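Data block below; observations after.
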Amino acid sequence: VDAIERRGHQAVVAHDGRSGYELIARGLDEFDVILCDLNLPLLSGKQMLDRLGTLIRGRTPVIVMSGLPHLRDALLETRQIAFRVLSKPFDDIVAVQDTIESAMKQRQLLQSVIEKDRRIYELEARVEFLVHQATELLSESRLDPLTSLPTRLQLAEDIRARAAMPAGIDSNTTLCLIDMDDFRRFNKDGSYSRGDEAIRWVANALRHRTRDGDPVYRWGGDEFVVLVHGTDLDDGVATMDRLREQIFDDSRGSPGLGLITLSAGVVRVPANGRDPLHMLIDEAQRFLTQAKEAGGNCVRSSIRSHPAYGI
């Protein structure tokens with residue numbers, strides 16, 4: 001003890017194995033090095049180290065002191081990977097002091113590794129949390145909160161997936177860009193609640209009236225997109241026009257909203273994915289504008305002749 005304290009260290013002494021065990025178990029992190037004699041009363045050094053087991057392994061260096069003639073056997077007897085085994089009696093106290101200080105340096109290295117591991121664990125947990133949040137946000141961004149319809153982000157993914165379909169599969173698809181006519185009348189009183197109600201109503205009507213497998217998306221504002229699969233442009237226009245008529249008829253029974261009419265621009269989606277989504281939308285928007293200029297409540301496309309429909 002004197003040799004330890006002469007080097008400026010503080011020593012805490014337990015005179016038997018049982019009190020040593022209790023002392024270490026209560027405050028393991030308070031000790032930089034454990035010096036353990038194998039020959040202790042009440043609880044042998046071997047028994048004490050065995051009970052401490054995983055508490056100290058890899059955390060606190062252990063220096064075993066033994067008067068046994070065979071030091072290797074003494075080390076094996078503890079079932080503990082000791083930092084050093086010192087033979088008693090001590091012939092060179094300076095060597096003992098150096099051994100203790102070497103063990104303290106190892107303790108510092110162990111603490112540094114533990115701290116780095118802790119930080120790595122915290123960073124990994126943080127990254128996992130952020131990935132989870134990003135996944136949730138991405139999932140939410142694919143679903144419109146007002147209508148529960150897929151958003152333009154999901155539409156873009158679906159268009160890319162269609163472009164990746166194997167050659168030879170019947171992948172005729174038309175894209176219908178739909179706009180509610182005279183939408184401003186729902187918000188003319190300065191309240192947006194009726195406008196939201198009308199958008200939800202149209203979203204539900206489109207979802208109900210489209211075929212299974214023909215997805216409906218909210219493009220933004222009072223605009224929607226419907227992908228009509230398995231149809232060429234002529235059939236796609238006819239399908240969209242029937243949809244327009246059905247929703248107009250349904251609106252006759254919608255309380256408080258009045259008659260709702262839709263205009264639409266319809267384009268063919270190339271099977272080879274040559275045209276990106278924004279080009280398809282731009283083309284559909286051009287035909288939608290033509291429908292609006294024709295008085296609304298109609299469908300327009302690159303087909304030269306469209307039948308005229310009235311309210």
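Here's how to read the names in the structure tokens: chain A, B, ... by the order shown, residue numbers from 1 in each chain, ligand numbers from 1 in the order shown.
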
Handout entry: Shell around Leu28 in chain A at 10 Å using only C-alpha atoms, local window under 5 positions removed, as a PyMOL selection string
Key = chain A and resi 21-23+33-34+52+55-56+59-60

Exercise for the section: Please run DSSP on the backbone and report, as a count of residues only, all residues within range 121-261 of chain A that come out as helix (DSSP H, G or I). Expected result: 74

Problem - Gap from CA of Arg152 in chain A to CA of Phe224 in chain A - Å, one decimal - result: 9.3 Å

Exercise for the section: Find the residues near range 7-14 of chain A: any atom within 12 Å, counting only C-alpha atoms, skip ones fewer than 4 places away on the same chain, and give them as a ChimeraX atom specification. Expected result: /A:1-3,18-24,27,30-37,40-43,45,48,93-94,96-98,100-101,104

Convert the current residue selection to file output with N, CA, C and O atoms, as a compact mmCIF listing (two decimals), in the first residue's frame.
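Output contents, as saved in out.txt:
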```
# COMPACT_ATOMS: atom_id res chain seq x y z
N VAL A 1 0.84 -1.20 0.00
CA VAL A 1 0.00 0.00 0.00
C VAL A 1 0.87 1.25 0.00
O VAL A 1 0.63 2.21 -0.72
N ASP A 2 1.92 1.24 0.85
CA ASP A 2 2.82 2.40 0.90
C ASP A 2 3.46 2.65 -0.45
O ASP A 2 3.60 3.81 -0.89
N ALA A 3 3.85 1.58 -1.14
CA ALA A 3 4.50 1.74 -2.44
C ALA A 3 3.54 2.34 -3.46
O ALA A 3 3.93 3.14 -4.32
N ARG A 18 -14.72 -11.53 0.93
CA ARG A 18 -16.13 -11.14 0.92
C ARG A 18 -16.29 -9.63 0.89
O ARG A 18 -17.05 -9.08 0.08
N SER A 19 -15.56 -8.93 1.75
CA SER A 19 -15.66 -7.46 1.76
C SER A 19 -15.06 -6.87 0.48
O SER A 19 -15.52 -5.85 -0.03
N GLY A 20 -14.04 -7.54 -0.07
CA GLY A 20 -13.47 -7.09 -1.34
C GLY A 20 -14.49 -7.19 -2.47
O GLY A 20 -14.62 -6.27 -3.29
N TYR A 21 -15.21 -8.30 -2.49
CA TYR A 21 -16.24 -8.47 -3.51
C TYR A 21 -17.30 -7.39 -3.40
O TYR A 21 -17.69 -6.76 -4.39
N GLU A 22 -17.79 -7.16 -2.17
CA GLU A 22 -18.84 -6.16 -1.96
C GLU A 22 -18.35 -4.76 -2.33
O GLU A 22 -19.07 -3.96 -2.93
N LEU A 23 -17.10 -4.46 -1.99
CA LEU A 23 -16.53 -3.16 -2.29
C LEU A 23 -16.45 -2.92 -3.80
O LEU A 23 -16.84 -1.85 -4.30
N ILE A 24 -15.98 -3.91 -4.52
CA ILE A 24 -15.82 -3.77 -5.98
C ILE A 24 -17.18 -3.76 -6.67
O ILE A 24 -17.43 -2.97 -7.57
N GLY A 27 -18.90 -0.34 -6.38
CA GLY A 27 -18.31 0.82 -7.05
C GLY A 27 -17.20 0.45 -7.99
O GLY A 27 -16.07 0.96 -7.86
N GLU A 30 -15.02 3.05 -9.73
CA GLU A 30 -14.17 3.89 -8.89
C GLU A 30 -12.73 3.40 -8.87
O GLU A 30 -11.84 4.11 -8.43
N PHE A 31 -12.51 2.17 -9.34
CA PHE A 31 -11.19 1.57 -9.24
C PHE A 31 -10.55 1.42 -10.62
O PHE A 31 -11.18 0.93 -11.56
N ASP A 32 -9.29 1.86 -10.70
CA ASP A 32 -8.55 1.74 -11.95
C ASP A 32 -7.88 0.38 -12.10
O ASP A 32 -7.71 -0.11 -13.22
N VAL A 33 -7.47 -0.19 -10.98
CA VAL A 33 -6.77 -1.48 -10.99
C VAL A 33 -7.24 -2.28 -9.78
O VAL A 33 -7.47 -1.72 -8.70
N ILE A 34 -7.38 -3.59 -9.95
CA ILE A 34 -7.69 -4.49 -8.83
C ILE A 34 -6.47 -5.37 -8.58
O ILE A 34 -6.01 -6.07 -9.48
N LEU A 35 -5.93 -5.30 -7.35
CA LEU A 35 -4.85 -6.20 -6.93
C LEU A 35 -5.48 -7.24 -6.03
O LEU A 35 -6.10 -6.92 -5.01
N CYS A 36 -5.33 -8.47 -6.39
CA CYS A 36 -6.02 -9.53 -5.68
C CYS A 36 -5.05 -10.64 -5.28
O CYS A 36 -4.41 -11.26 -6.14
N ASP A 37 -4.97 -10.89 -3.98
CA ASP A 37 -4.21 -12.04 -3.48
C ASP A 37 -5.11 -13.26 -3.56
O ASP A 37 -6.30 -13.19 -3.22
N LEU A 40 -7.09 -15.43 0.49
CA LEU A 40 -7.86 -14.48 1.29
C LEU A 40 -8.81 -15.25 2.21
O LEU A 40 -9.32 -16.31 1.83
N PRO A 41 -9.10 -14.71 3.40
CA PRO A 41 -10.07 -15.35 4.29
C PRO A 41 -11.51 -15.11 3.82
O PRO A 41 -11.77 -14.22 3.02
N LEU A 42 -12.44 -15.93 4.35
CA LEU A 42 -13.88 -15.86 4.10
C LEU A 42 -14.24 -16.20 2.65
O LEU A 42 -15.14 -16.99 2.39
N LEU A 43 -13.57 -15.58 1.71
CA LEU A 43 -13.80 -15.84 0.28
C LEU A 43 -12.44 -15.73 -0.40
O LEU A 43 -11.79 -14.70 -0.32
N GLY A 45 -9.41 -15.41 -3.16
CA GLY A 45 -9.27 -14.52 -4.30
C GLY A 45 -9.87 -15.11 -5.56
O GLY A 45 -10.49 -14.42 -6.37
N MET A 48 -13.64 -14.81 -5.31
CA MET A 48 -14.05 -13.42 -5.47
C MET A 48 -14.03 -13.01 -6.94
O MET A 48 -14.98 -12.42 -7.47
N ILE A 93 10.21 -3.82 -5.49
CA ILE A 93 8.99 -3.04 -5.31
C ILE A 93 8.78 -2.05 -6.45
O ILE A 93 7.65 -1.70 -6.80
N VAL A 94 9.89 -1.60 -7.06
CA VAL A 94 9.76 -0.67 -8.19
C VAL A 94 9.07 -1.36 -9.37
O VAL A 94 8.24 -0.77 -10.06
N VAL A 96 6.92 -3.70 -9.12
CA VAL A 96 5.50 -3.79 -8.75
C VAL A 96 4.80 -2.47 -9.06
O VAL A 96 3.71 -2.44 -9.63
N GLN A 97 5.47 -1.36 -8.68
CA GLN A 97 4.89 -0.03 -8.96
C GLN A 97 4.71 0.18 -10.46
O GLN A 97 3.69 0.69 -10.92
N ASP A 98 5.71 -0.21 -11.24
CA ASP A 98 5.62 -0.06 -12.70
C ASP A 98 4.49 -0.91 -13.28
O ASP A 98 3.80 -0.48 -14.21
N ILE A 100 1.73 -1.75 -11.75
CA ILE A 100 0.46 -1.10 -11.40
C ILE A 100 0.18 0.07 -12.34
O ILE A 100 -0.94 0.25 -12.84
N GLU A 101 1.22 0.86 -12.61
CA GLU A 101 1.01 2.01 -13.49
C GLU A 101 0.74 1.58 -14.93
O GLU A 101 -0.03 2.22 -15.64
N MET A 104 -2.80 0.77 -15.01
CA MET A 104 -3.62 1.98 -15.04
C MET A 104 -3.70 2.55 -16.46
O MET A 104 -4.76 3.04 -16.89
```
